[in-house]
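File shown here: final_33.csv, holding CSV, C-alpha atoms.
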chain,number,residue,atom,x,y,z
A,1,ASN,CA,32.6,3.9,-6.1
A,2,ALA,CA,28.9,4.7,-6.3
A,3,GLY,CA,28.1,2.4,-3.4
A,4,VAL,CA,24.5,1.3,-3.4
A,5,THR,CA,22.3,2.8,-6.0
A,6,GLN,CA,18.5,2.6,-6.4
A,7,THR,CA,16.1,3.5,-9.1
A,8,PRO,CA,13.7,5.1,-9.3
A,9,LYS,CA,13.9,7.7,-6.5
A,10,PHE,CA,10.2,8.4,-6.6
A,11,GLN,CA,7.2,6.5,-7.9
A,12,VAL,CA,3.4,6.8,-7.9
A,13,LEU,CA,1.3,3.8,-8.7
A,14,LYS,CA,-2.4,3.0,-8.8
A,15,THR,CA,-3.7,0.1,-6.9
A,16,GLY,CA,-3.2,-3.1,-8.8
A,17,GLN,CA,-0.3,-1.9,-10.9
A,18,SER,CA,3.0,-3.6,-10.9
A,19,MET,CA,6.6,-2.3,-10.8
A,20,THR,CA,10.1,-3.3,-10.1
A,21,LEU,CA,12.5,-1.4,-7.8
A,22,GLN,CA,16.1,-1.8,-8.9
A,23,CYS,CA,19.2,-1.9,-6.7
A,24,ALA,CA,22.9,-2.3,-7.5
A,25,GLN,CA,26.1,-2.2,-5.5
A,26,ASP,CA,29.6,-1.9,-6.7
A,27,MET,CA,31.4,-3.0,-3.5
A,28,ASN,CA,31.6,-6.7,-4.4
A,29,HIS,CA,29.4,-7.4,-1.4
A,30,ASN,CA,27.8,-10.9,-0.9
A,31,SER,CA,24.7,-10.0,1.0
A,32,MET,CA,21.9,-7.6,-0.1
A,33,TYR,CA,18.7,-6.6,1.6
A,34,TRP,CA,15.4,-4.8,1.0
A,35,TYR,CA,13.8,-2.8,3.8
A,36,ARG,CA,10.7,-0.7,4.0
A,37,GLN,CA,10.3,2.3,6.3
A,38,ASP,CA,6.9,3.5,7.2
A,39,PRO,CA,6.3,6.9,8.9
A,40,GLY,CA,7.5,7.1,12.5
A,41,MET,CA,9.0,3.6,12.3
A,42,GLY,CA,12.4,2.0,11.9
A,43,LEU,CA,13.3,-0.1,8.9
A,44,ARG,CA,11.7,-3.5,8.5
A,45,LEU,CA,13.3,-6.3,6.5
A,46,ILE,CA,11.3,-7.5,3.5
A,47,TYR,CA,13.7,-9.9,1.8
A,48,TYR,CA,17.4,-10.6,1.8
A,49,SER,CA,20.0,-12.4,-0.3
A,50,ALA,CA,23.1,-13.9,1.3
A,51,SER,CA,24.7,-14.6,-2.0
A,52,GLU,CA,24.1,-14.7,-5.7
A,53,GLY,CA,21.3,-17.2,-6.5
A,54,THR,CA,19.8,-17.2,-3.0
A,55,THR,CA,17.0,-15.3,-1.5
A,56,ASP,CA,14.9,-15.6,1.7
A,57,LYS,CA,12.0,-13.9,3.4
A,58,GLY,CA,12.4,-11.3,6.1
A,59,GLU,CA,9.9,-9.8,8.5
A,60,VAL,CA,7.3,-8.4,6.0
A,61,PRO,CA,7.6,-10.3,2.7
A,62,ASN,CA,3.9,-10.5,1.7
A,63,GLY,CA,3.1,-8.8,-1.5
A,64,TYR,CA,6.7,-8.7,-2.7
A,65,ASN,CA,9.0,-10.9,-4.8
A,66,VAL,CA,12.8,-10.5,-5.3
A,67,SER,CA,15.4,-11.5,-7.8
A,68,ARG,CA,19.2,-11.6,-7.2
A,69,LEU,CA,20.1,-11.2,-10.8
A,70,ASN,CA,23.9,-11.4,-10.2
A,71,LYS,CA,26.2,-10.4,-7.4
A,72,ARG,CA,25.7,-6.7,-8.1
A,73,GLU,CA,21.9,-6.5,-8.5
A,74,PHE,CA,18.9,-7.2,-6.3
A,75,SER,CA,15.5,-6.2,-7.5
A,76,LEU,CA,12.2,-6.0,-5.6
A,77,ARG,CA,8.9,-6.5,-7.4
A,78,LEU,CA,5.4,-5.5,-6.5
A,79,GLU,CA,3.0,-7.6,-8.6
A,80,SER,CA,-0.2,-5.9,-7.6
A,81,ALA,CA,0.4,-2.7,-5.6
A,82,ALA,CA,-1.8,-1.9,-2.6
A,83,PRO,CA,-2.1,1.4,-0.6
A,84,SER,CA,-0.5,-0.4,2.4
A,85,GLN,CA,2.7,-0.7,0.4
A,86,THR,CA,3.1,3.1,0.4
A,87,SER,CA,6.5,3.5,2.0
A,88,VAL,CA,10.1,4.3,1.5
A,89,TYR,CA,12.1,1.4,0.3
A,90,PHE,CA,15.8,1.0,1.1
A,91,CYS,CA,18.2,-1.4,-0.4
A,92,ALA,CA,21.4,-2.3,1.5
A,93,SER,CA,24.4,-4.5,1.1
A,94,ASN,CA,27.0,-6.0,3.4
A,95,PRO,CA,30.3,-7.7,2.8
A,96,GLY,CA,29.6,-11.1,4.4
A,97,THR,CA,28.1,-13.0,7.3
A,98,SER,CA,29.9,-11.6,10.3
A,99,ALA,CA,27.9,-9.9,12.9
A,100,HIS,CA,30.5,-7.1,12.8
A,101,ASN,CA,29.9,-5.9,9.2
A,102,GLU,CA,28.2,-2.6,8.6
A,103,GLN,CA,25.3,-2.4,6.2
A,104,PHE,CA,25.6,0.2,3.5
A,105,PHE,CA,22.3,1.8,2.4
A,106,GLY,CA,21.1,3.2,-0.9
A,107,PRO,CA,19.3,6.6,-1.0
A,108,GLY,CA,15.8,5.0,-0.9
A,109,THR,CA,12.8,4.9,-3.2
A,110,ARG,CA,9.7,6.8,-2.1
A,111,LEU,CA,6.7,4.9,-3.3
A,112,THR,CA,3.1,6.1,-3.2
A,113,VAL,CA,0.2,3.8,-4.1
A,114,LEU,CA,-3.1,5.5,-4.7
B,115,ALA,CA,13.3,-12.8,19.8
B,116,GLN,CA,15.7,-10.0,19.2
B,117,LYS,CA,14.3,-6.5,19.8
B,118,ILE,CA,15.6,-2.9,20.0
B,119,THR,CA,13.8,-0.3,22.1
B,120,GLN,CA,14.2,3.4,21.8
B,121,THR,CA,12.0,5.0,24.5
B,122,GLN,CA,12.5,8.6,23.4
B,123,PRO,CA,10.4,9.6,20.4
B,124,GLY,CA,11.8,13.1,20.5
B,125,MET,CA,14.6,15.0,22.1
B,126,PHE,CA,15.6,18.6,22.3
B,127,VAL,CA,19.1,19.9,22.9
B,128,GLN,CA,20.8,23.3,22.9
B,129,GLU,CA,23.5,23.9,20.4
B,130,LYS,CA,27.0,23.0,21.8
B,131,GLU,CA,25.5,20.9,24.6
B,132,ALA,CA,25.8,17.1,24.9
B,133,VAL,CA,22.9,14.8,24.4
B,134,THR,CA,22.3,11.1,25.1
B,135,LEU,CA,19.9,9.0,23.0
B,136,ASP,CA,18.8,5.8,24.7
B,137,CYS,CA,18.8,2.3,23.3
B,138,THR,CA,18.2,-1.0,24.9
B,139,TYR,CA,18.3,-4.4,23.2
B,140,ASP,CA,17.2,-7.9,23.9
B,141,THR,CA,19.1,-10.9,22.5
B,142,SER,CA,20.2,-14.3,23.6
B,143,ASP,CA,23.1,-14.3,21.1
B,144,GLN,CA,26.7,-14.0,22.4
B,145,SER,CA,28.0,-12.4,19.3
B,146,TYR,CA,26.2,-9.4,18.0
B,147,GLY,CA,26.8,-5.9,16.8
B,148,LEU,CA,25.1,-2.6,17.7
B,149,PHE,CA,24.9,0.3,15.3
B,150,TRP,CA,23.7,3.8,15.3
B,151,TYR,CA,22.4,5.4,12.0
B,152,LYS,CA,21.4,9.0,11.4
B,153,GLN,CA,18.6,9.8,9.0
B,154,PRO,CA,18.4,13.5,8.1
B,155,SER,CA,15.4,15.0,6.5
B,156,SER,CA,16.8,14.2,3.1
B,157,GLY,CA,16.2,10.5,3.9
B,158,GLU,CA,19.4,8.7,3.5
B,159,MET,CA,20.8,6.4,6.2
B,160,ILE,CA,24.2,7.4,7.5
B,161,PHE,CA,26.3,5.1,9.5
B,162,LEU,CA,27.6,6.7,12.7
B,163,ILE,CA,29.1,4.2,15.0
B,164,TYR,CA,29.5,0.5,15.8
B,165,GLN,CA,30.0,-1.5,18.9
B,166,GLY,CA,30.7,-5.2,18.9
B,167,SER,CA,29.5,-7.4,21.7
B,168,TYR,CA,33.0,-8.5,22.6
B,169,ASP,CA,34.5,-5.0,22.5
B,170,GLU,CA,35.7,-4.0,26.0
B,171,GLN,CA,36.1,-0.4,25.2
B,172,ASN,CA,33.2,1.9,24.3
B,173,ALA,CA,33.3,2.9,20.6
B,174,THR,CA,34.0,6.5,19.7
B,175,GLU,CA,33.9,8.3,16.3
B,176,GLY,CA,34.6,12.0,16.5
B,177,ARG,CA,31.8,13.6,18.5
B,178,TYR,CA,29.9,10.3,18.7
B,179,SER,CA,30.5,7.8,21.5
B,180,LEU,CA,28.6,4.7,22.4
B,181,ASN,CA,27.9,4.1,26.1
B,182,PHE,CA,27.8,0.3,26.1
B,183,GLN,CA,26.6,-1.5,29.2
B,184,LYS,CA,26.4,-5.1,28.3
B,185,ALA,CA,24.9,-6.4,31.6
B,186,ARG,CA,22.1,-3.8,31.3
B,187,LYS,CA,21.8,-4.5,27.5
B,188,SER,CA,22.0,-0.8,26.7
B,189,ALA,CA,23.9,1.0,24.0
B,190,ASN,CA,23.2,4.7,24.3
B,191,LEU,CA,24.6,7.2,21.8
B,192,VAL,CA,26.2,10.3,23.2
B,193,ILE,CA,26.7,13.3,20.9
B,194,SER,CA,29.0,15.9,22.3
B,195,ALA,CA,29.0,19.6,21.4
B,196,SER,CA,25.7,19.3,19.4
B,197,GLN,CA,25.5,21.2,16.1
B,198,LEU,CA,22.5,22.4,14.2
B,199,GLY,CA,23.3,19.8,11.5
B,200,ASP,CA,22.7,17.0,14.1
B,201,SER,CA,19.0,17.6,13.8
B,202,ALA,CA,17.7,14.3,12.4
B,203,MET,CA,16.2,10.9,13.2
B,204,TYR,CA,18.6,8.5,15.0
B,205,PHE,CA,18.1,4.8,14.8
B,206,CYS,CA,19.7,2.1,17.0
B,207,ALA,CA,20.1,-1.2,15.3
B,208,MET,CA,21.4,-4.7,16.2
B,209,ILE,CA,22.9,-7.1,13.7
B,210,LYS,CA,21.9,-10.7,14.2
B,211,VAL,CA,23.7,-13.5,12.6
B,212,SER,CA,21.1,-16.1,11.7
B,213,GLY,CA,21.6,-19.2,9.6
B,214,GLY,CA,24.7,-17.7,8.0
B,215,TYR,CA,23.1,-14.5,7.1
B,216,ASN,CA,23.2,-11.3,9.0
B,217,LYS,CA,20.3,-8.8,9.2
B,218,LEU,CA,19.7,-5.6,11.0
B,219,ILE,CA,16.9,-5.2,13.5
B,220,PHE,CA,15.9,-1.5,14.0
B,221,GLY,CA,14.4,0.5,16.8
B,222,ALA,CA,11.6,3.0,16.1
B,223,GLY,CA,14.0,5.9,16.3
B,224,THR,CA,14.5,9.1,18.2
B,225,ARG,CA,14.0,12.5,16.5
B,226,LEU,CA,16.6,15.0,17.7
B,227,ALA,CA,16.1,18.7,17.4
B,228,VAL,CA,19.1,21.0,18.0
B,229,HIS,CA,18.2,24.6,18.9
B,230,PRO,CA,20.5,27.5,18.4
Would you encode the structure as structure tokens?
Amino acid sequence: NAGVTQTPKFQVLKTGQSMTLQCAQDMNHNSMYWYRQDPGMGLRLIYYSASEGTTDKGEVPNGYNVSRLNKREFSLRLESAAPSQTSVYFCASNPGTSAHNEQFFGPGTRLTVL
Amino acid sequence: AQKITQTQPGMFVQEKEAVTLDCTYDTSDQSYGLFWYKQPSSGEMIFLIYQGSYDEQNATEGRYSLNFQKARKSANLVISASQLGDSAMYFCAMIKVSGGYNKLIFGAGTRLAVHP
């Protein structure tokens, strides 16, 4: 099992450009998440998806859109990148809705917006 | 609102000694989970240990143990016999079940440096 995979690993954008971060998991998990991590801070939830076909906003959703393409894949799109979106982006997945399920993280995407 | 507080931005420990990383949390939920993750300089998030709110015993995983004091709402991580490879950021997180979804709420982290 590859676990949670993310592409790309690194990306540099100019202000106003758009891009999509890809995430896939092969653990048959229902829930998937996108977090961002800014320097010196913990992870903050951007969007999540409890199951295929459903998505909902997290703590910091502004400037982002998501798509739960199928059970395996959950993408994050920046329509018009801004320097404030420079961050490390983590995708995670989780088996279900119990409070006792560990979240499994991808390796992260380091995004710089100039 | 749920909140995780890690009051130690940085900690130093001598190799082979034990170290405690502090974590306090705030929640009105009865059922919740507490996690510790390690983030080395390479950036990945590595799960270390989990404690459920109804677990009576403190969780242990090898050299990691969680000192869970429910009444004080604290969930401190204890690393015994520190190794140089333990140098990393450590995050305490709480999982909240909300509307059928569960989501992690993270603290700001503690940077641990292990000296030889």
**8 Å contact set for Gly166 (chain B), only C-alpha atoms, chain neighbours under 6 positions out, as a list in words** =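 Selected residues are His100 of chain A; Ser145, Tyr146, Gly147 and Leu148 of chain B.
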**Item:** Residue list for chain B near chain A as a PyMOL selection string, 12 Å, only C-alpha atoms
**Value:** chain B and resi 117-120+123-124+143-169+203-225
**Coordinates-based distance that separates CA of Ser87 (chain A) from CA of Thr15 (chain A) (Å, one decimal)** = 14.0 Å
**Request:** Fewer than 6 positions away in the same chain doesn't count, so skip those; otherwise give me all residues within 10 Å of Leu114 (chain A), counting all atoms listed in the file, as a list of chain:residue names.
**Result:**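 Counting only the stated atoms, we get A:Val12, A:Leu13, A:Lys14, A:Thr15, A:Gly16, A:Ala81, A:Ala82, A:Pro83, A:Ser84, A:Gln85, A:Thr86.
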**Asked** Could you work out how far CA of Trp34 (chain A) lies from CA of Ile46 (chain A), giving the answer in Å with one decimal?
**Response** 5.5 Å
**Prompt:** Distance CA of Ala24 (chain A)-CA of Gly3 (chain A), one decimal place?
**Reply:** 8.1 Å
**Prompt:** Which residues come within 9 Å of Gln22 (chain A), counting only C-alpha atoms, excluding same-chain residues fewer than 5 positions away, as an MDAnalysis selection string?
**Reply:** chainID A and resid 5:8 73:77 91
**Item:** Neighbour list for region 187-193 of chain B as a list in words, cut-off 6 Å, all atoms listed in the file, skip fewer than 3 positions in-chain
**Value:** Ala132, Val133, Thr134, Leu135, Asp136, Cys137, Thr138, Tyr139, Arg177, Tyr178, Ser179, Leu180, Asn181, Phe182, Gln183 and Lys184 of chain B
**Asked** Between B:Glu175, B:Glu170, B:Ala185, B:Val127, which has the minimum distance to Ser201 (chain B) (counting only C-alpha atoms)?
**Response** B:Val127
